[in-house]
Amino acid sequence: MTADGSPMALALEEARAAGARDEVPVGAVVTDAAGRVLARAGNEVEARHDPSAHAEILALRAATGARGEKLLADCTLWVTLEPCPMCAQAASFFRVRRVVFGAYDPKGGGVEHGARIYAAPSCHHAPEVVGGVRETESAALLRAFFAARR
């Protein structure tokens, strides 16, 4: 755990590590109902040459692997950025109980913006959503990363 012991702090650590690897600085953590960390990951799109290697997908896959189960119905996905439509749909398919995210993503988000996956009639499972947790810190990481590349 981190100094403050929160899963979002761990996700921010993963995001910073991803940024240091020249990946978009997004981090994700999956916790179980007791708050135990099952998995954590940062973006690995560039390293894997895989556009689906988002932090959320990697963490969700690792969590099911750690449990030996395909669903995460009692789990929470913590992520530093509002999940894109692909990751929002993945969280639905993994049946996570709750999605907690940091920065909002008006351009590419799929939860509160854009596709609004969980509001679609075709969505079979809509987790509870909590946005804006450590939003300022999450957004600052992203702004700094992209500003350095302009």
# chains A, B, ... in the order shown; residues from 1 in each chain; ligands from 1
call {"tool": "residues_around", "arguments": {"residues": "Ala39 of chain A", "least_positions_apart": "5", "cutoff": "7 Å", "atoms": "only C-alpha atoms", "output": "number ranges by chain"}}
result
A: 29-30, 59, 62-63
call {"tool": "closest_atom_pairs", "arguments": {"of": "segment 10-63 of chain A", "to": "segment 84-99 of chain A", "cutoff": "9 Å", "atoms": "only C-alpha atoms", "output": "JSON lines"}}
result
{"residue": "A:Ser52", "atom": "CA", "partner": "A:Met86", "partner_atom": "CA", "distance": 8.1}
{"residue": "A:His54", "atom": "CA", "partner": "A:Cys87", "partner_atom": "CA", "distance": 7.6}
{"residue": "A:Ala55", "atom": "CA", "partner": "A:Cys87", "partner_atom": "CA", "distance": 8.9}
{"residue": "A:Glu56", "atom": "CA", "partner": "A:Cys87", "partner_atom": "CA", "distance": 6.2}
{"residue": "A:Ile57", "atom": "CA", "partner": "A:Cys87", "partner_atom": "CA", "distance": 6.4}
{"residue": "A:Leu60", "atom": "CA", "partner": "A:Phe94", "partner_atom": "CA", "distance": 7.4}
{"residue": "A:Arg61", "atom": "CA", "partner": "A:Phe94", "partner_atom": "CA", "distance": 8.9}
call {"tool": "write_last_selection", "arguments": {"atoms": "C-alpha atoms", "output": "tab-separated table (two decimals), in the first residue's frame"}}
result
chain	number	residue	atom	x	y	z
A	52	SER	CA	-6.00	-2.50	-26.05
A	54	HIS	CA	-4.97	0.11	-21.29
A	55	ALA	CA	-4.36	0.07	-17.53
A	56	GLU	CA	-7.95	-0.98	-16.82
A	57	ILE	CA	-7.89	-3.98	-19.17
A	60	LEU	CA	-8.98	-6.53	-14.77
A	61	ARG	CA	-7.28	-9.44	-16.53
call {"tool": "select_by_dssp", "arguments": {"residues": "chain A", "states": "strand (DSSP E)", "output": "list in words"}}
result
Gly27, Ala28, Val29, Val30, Thr31, Val37, Leu38, Ala39, Arg40, Ala41, Gly42, Thr76, Leu77, Trp78, Val79, Thr80, Leu81, Arg98, Val99, Val100, Phe101, Gly102, Ala103, Glu128, Val129 and Val130 of chain A
call {"tool": "select_by_dssp", "arguments": {"residues": "segment 4-142 of chain A", "states": "helix (DSSP H, G or I)", "output": "count of residues only"}}
result
51
call {"tool": "residues_around", "arguments": {"residues": "Ala119 of chain A", "least_positions_apart": "3", "cutoff": "12 Å", "atoms": "only C-alpha atoms", "output": "ChimeraX atom specification"}}
result
/A:85,88-89,92,110-116,122-129
call {"tool": "atom_distance", "arguments": {"atom1": "atom CA of Trp78 of chain A", "atom2": "atom CA of Ala28 of chain A"}}
result
5.4 Å
call {"tool": "residues_around", "arguments": {"residues": "segment 34-38 of chain A", "least_positions_apart": "6", "cutoff": "12 Å", "atoms": "only C-alpha atoms", "output": "PyMOL selection string"}}
result
chain A and resi 1-2+5-11+28+58-68+72+74-78
call {"tool": "closest_residue", "arguments": {"among": "A:Ala73, A:Ala120, A:Leu142, A:Val133", "to": "Val100 of chain A", "atoms": "only C-alpha atoms"}}
result
A:Val133
call {"tool": "atom_distance", "arguments": {"atom1": "atom CA of Glu46 of chain A", "atom2": "atom CA of Arg16 of chain A"}}
result
15.2 Å
call {"tool": "closest_residue", "arguments": {"among": "A:Val130, A:Arg149, A:Asp32, A:Arg40", "to": "Glu14 of chain A", "atoms": "only C-alpha atoms"}}
result
A:Arg40
call {"tool": "closest_residue", "arguments": {"among": "A:Val79, A:Ala139, A:Leu71, A:Ala53", "to": "Ala103 of chain A", "atoms": "only C-alpha atoms"}}
result
A:Ala139
